[in-house]
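These notes are about the structure you will find just below.
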Amino acid sequence: MNVDVILGLQWGDEGKGKIVDHLAKDYDIVARFQGGPNAGHTLKIHGKKYVLHTIPSGIFRDQLLNLIGNGVVIDPITLEREISKLDESDINYKGRLLVAHKAHLILPTHRYLDAASENAKGKAKIGSTLKGIGPTYMDKTGRNGLRAGDVLSHNFEKKYKALKEKHLKLLEQYPSIDFDLQAEENKWMESIERFRKLPQVNGEYFINQAIDEGKKILAEGAQGSMLDIDYGTYPFVTSSNTITAGVCTGLGVSTRKIGEVIGISKAYCTRVGSGPFPTELNDDMGELLRKEGAEFGATTGRPRRCGWIDLPQLKYTIMLNGVSQLVITKIDVLNIFSEIMMATHYNIDGEKTSHLPYDICDVEIQPILQKFDGWESSLENITEYGDLPGPAKTFLETLERYLEVPVTMVSTGPGRQELILRNISAEV
């Protein structure tokens with residue numbers, strides 16, 4: 001049995017949590033393979049809103065195992081808050097939420113470093129969420145990190161203090177900022193006590209044994225493909241591999257064991273923080289998209305930048321990920337528009353292209369837009385693809401034609417049931 005993958009194809013915030021929750025009923029294990037508490041997966045279940053930052057989105061399905069994989073970086077304080085919310089809602093996670101020994105921990109001084117470093121950049125800020133993600137991955141690659149399994153070691157305090165002292169030395173090079181380290185450290189140590197009670201596993205053996213036993217596994221990504229450290233809009237990226245390749249390193253599975261790759265895109269485009277955004281709308285239309293889509297970060301609360309859907313960008317991430325199925329979310333946000341635009345190509349230095357340039361930050365891109373009629377009607381209560389308004393189907397089928405990947409799901413609202421499942425083979 002292979003590992004199926006679900007990930008975002010844009011700059012994050014594509015609606016992965018809802019889709020994972022829907023698909024999870026058909027799997028035995030949901031495993032997060034990268035990222036940290038800078039992720040915000042929002043789910044609406046029975047009218048109640050849940051936001052997950054570290055815990056896999058399969059936690060709301062009874063009997064399903066959920067693994068925080070070794071490619072994830074964990075802030076015990078954030079994780080404790082998430083667990084407390086599950087307790088308040090009587091979600092039984094005990095014995096179903098597992099942590100890989102080799103997942104790295106975010107220390108209070110990682111967040112301190114993140115904030116001090118970003119503050120020192122002035123106008124050159126990269127838009128960090130200030131969750132300590134970057135400094136934690138830097139310690140991981142620098143071979144200084146503290147891992148989940150270390151909290152069970154008799155040398156834990158010694159390891160913690162050594163890493164903390166290293167960070168304090170580094171902080172001396174930055175201008176002073178307001179950060180109550182003692183208070184944050186006290187909270188962190190309290191959270192560690194609860195963290196120790198979570199069952200830990202050797203993640204790579206756990207996953208591969210499950211594969212050998214025929215278990216169905218869904219790998220869940222965080223952020224989006226355009227934030228990949230290697231292939232995103234560098235340097236305005238996250239610190240991990242957000243593409244399918246990250247599943248192999250983040251969970252410890254062979255490339256031969258990757259199955260379906262389900263890519264998720266909004267019907268338009270958003271981005272949080274700094275960095276290039278070719279189709280961004282810095283006008284009333286962009287503001288209307290933000291208002292209709294409630295485009296504010298689930299983790300930071302920051303307003304998201306909004307623009308039209310970008311097909312060169314999507315073709316790029318579909319290629320990188322080997323996407324076999326496409327999910328379009330938030331199509332209902334476009335209900336009010338009489339006209340909808342789609343960027344089909346770029347104009348760069350007078351040349352038409354469908355390729356992203358090497359340094360997208362260093363060139364001026366003019367998106368070439370194609371106009372579509374809007375449907376100007378509600379999609380509420382539509383459960384069958386054939387019942388969608390004609391212009392909505394034209395929009396979706398144009399996406400398929402350009403991207404050469406079938407649209408198998410269309411999300412028409414935030415609720416768990418607001419999802420159209422499309423049987424492509426039945427239409428042929």
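Following the order of the structure tokens, chains are lettered A, B, ..., residues in each are numbered from 1, and ligands are numbered from 1.
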Considering only C-alpha atoms, return as a list of chain:residue names whatever protein or nucleic-acid residues lie within 7 Å of Asp310 of chain A, sequence-local ones (same chain, fewer than 6 positions apart) excluded.
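So, after excluding close chain neighbours, the residues are A:Thr279, A:Met342, A:Ala343, A:Thr344.
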With N, CA and C atoms retained, export the selected residues as a JSON list (two decimals), in the first residue's frame.
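Below is the file that was written, result28.json:
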[["chain", "number", "residue", "atom", "x", "y", "z"],
["A", 279, "THR", "N", -0.09, 38.01, -9.67],
["A", 279, "THR", "CA", -1.47, 38.39, -9.99],
["A", 279, "THR", "C", -2.14, 39.21, -8.88],
["A", 342, "MET", "N", -8.37, 35.01, -15.02],
["A", 342, "MET", "CA", -7.45, 33.89, -14.83],
["A", 342, "MET", "C", -6.16, 34.24, -15.60],
["A", 343, "ALA", "N", -5.01, 34.20, -14.91],
["A", 343, "ALA", "CA", -3.74, 34.45, -15.59],
["A", 343, "ALA", "C", -3.31, 33.17, -16.30],
["A", 344, "THR", "N", -3.21, 33.22, -17.63],
["A", 344, "THR", "CA", -2.84, 32.03, -18.40],
["A", 344, "THR", "C", -1.35, 32.01, -18.77]]
Tell me, which residues of segment 62-271 of chain A carry DSSP helix (DSSP H, G or I), written as an MDAnalysis selection string?
chainID A and resid 76:88 108:120 122:124 133:141 148:152 156:171 181:195 203:212 225:227 245:251 255:257
Within 7 Å of Arg32 of chain A using only C-alpha atoms, minus same-chain residues under 4 positions, as a list in words:
Pro56, Leu67, Ile68, Gly69, Ala219, Glu220 and Gly221 of chain A
Write out, as a PDB file, in the first residue's frame, the residues just selected, with N, CA and C atoms.
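Contents of again_8.pdb, as written:
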ATOM      1  N   PRO A  56      -2.204  16.716  13.179  1.00  0.00           N
ATOM      2  CA  PRO A  56      -2.768  16.362  11.867  1.00  0.00           C
ATOM      3  C   PRO A  56      -4.288  16.518  11.835  1.00  0.00           C
ATOM      4  N   LEU A  67       0.009  11.012  13.154  1.00  0.00           N
ATOM      5  CA  LEU A  67       1.432  11.070  13.463  1.00  0.00           C
ATOM      6  C   LEU A  67       1.988  12.453  13.139  1.00  0.00           C
ATOM      7  N   ILE A  68       2.679  13.042  14.112  1.00  0.00           N
ATOM      8  CA  ILE A  68       3.477  14.240  13.865  1.00  0.00           C
ATOM      9  C   ILE A  68       4.860  13.739  13.470  1.00  0.00           C
ATOM     10  N   GLY A  69       5.177  13.828  12.181  1.00  0.00           N
ATOM     11  CA  GLY A  69       6.372  13.183  11.640  1.00  0.00           C
ATOM     12  C   GLY A  69       7.672  13.892  11.986  1.00  0.00           C
ATOM     13  N   ALA A 219      -0.433  11.473   3.811  1.00  0.00           N
ATOM     14  CA  ALA A 219       0.590  12.425   4.261  1.00  0.00           C
ATOM     15  C   ALA A 219       0.059  13.839   4.054  1.00  0.00           C
ATOM     16  N   GLU A 220       0.075  14.627   5.111  1.00  0.00           N
ATOM     17  CA  GLU A 220      -0.491  15.977   5.094  1.00  0.00           C
ATOM     18  C   GLU A 220       0.624  17.016   5.144  1.00  0.00           C
ATOM     19  N   GLY A 221       0.625  17.914   4.158  1.00  0.00           N
ATOM     20  CA  GLY A 221       1.613  18.983   4.129  1.00  0.00           C
ATOM     21  C   GLY A 221       1.098  20.253   4.769  1.00  0.00           C
TER      22      GLY A 221
END
Excluding Leu311 of chain A and its own-chain neighbours fewer than 5 positions away, which residues fall within 10 Å of it when counting only C-alpha atoms? Please give them as a list in words.
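With the cut-off at 10 Å, the set is Tyr316, Thr317, Met342, Ala343, Thr344, His345, Tyr346, Ser354, His355, Pro367, Leu369, Leu399, Tyr402 and Leu403 of chain A.
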Need the shell around Ile91 of chain A: protein/DNA/RNA residues with any atom at most 9 Å away, counting only C-alpha atoms. Skip same-chain ones fewer than 4 positions apart. Format as a list in words?
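Answer for this query is Ile59, Phe60, Asp62, Lys85, Leu86 and Asp87 of chain A.
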Test item: residues at most 9 Å from Pro175 of chain A, only C-alpha atoms, excluding those fewer than 3 positions along its chain, as a PyMOL selection string
chain A and resi 116-117+119-120+171-172
Write out the residues from the selection above, keeping C-alpha atoms, as an mmCIF file, in the first residue's frame.
data_model
loop_
_atom_site.group_PDB
_atom_site.id
_atom_site.type_symbol
_atom_site.label_atom_id
_atom_site.label_comp_id
_atom_site.auth_asym_id
_atom_site.auth_seq_id
_atom_site.Cartn_x
_atom_site.Cartn_y
_atom_site.Cartn_z
ATOM 1 C CA ALA A 116 15.246 39.727 16.888
ATOM 2 C CA SER A 117 16.485 38.722 13.437
ATOM 3 C CA ASN A 119 13.336 43.178 13.616
ATOM 4 C CA ALA A 120 16.941 43.851 12.590
ATOM 5 C CA LEU A 171 21.258 37.292 20.379
ATOM 6 C CA GLU A 172 24.085 39.595 21.451
#
Who sits within 7 Å of segment 252-268 of chain A, only C-alpha atoms, same chain under 5 positions skipped, as number ranges by chain:
A: 2-10, 14, 16, 204, 208, 307-309, 322-331
Have a look at A:Val51, A:Leu168, A:Ile365, A:Val333 and name the one nearest to Ser411 of chain A; count only C-alpha atoms.
A:Val333
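Checking A:Leu113, A:Ile106, A:Ile45, A:Val247 one by one against Arg147 of chain A, counting only C-alpha atoms, you find the shortest gap at A:Ile106.
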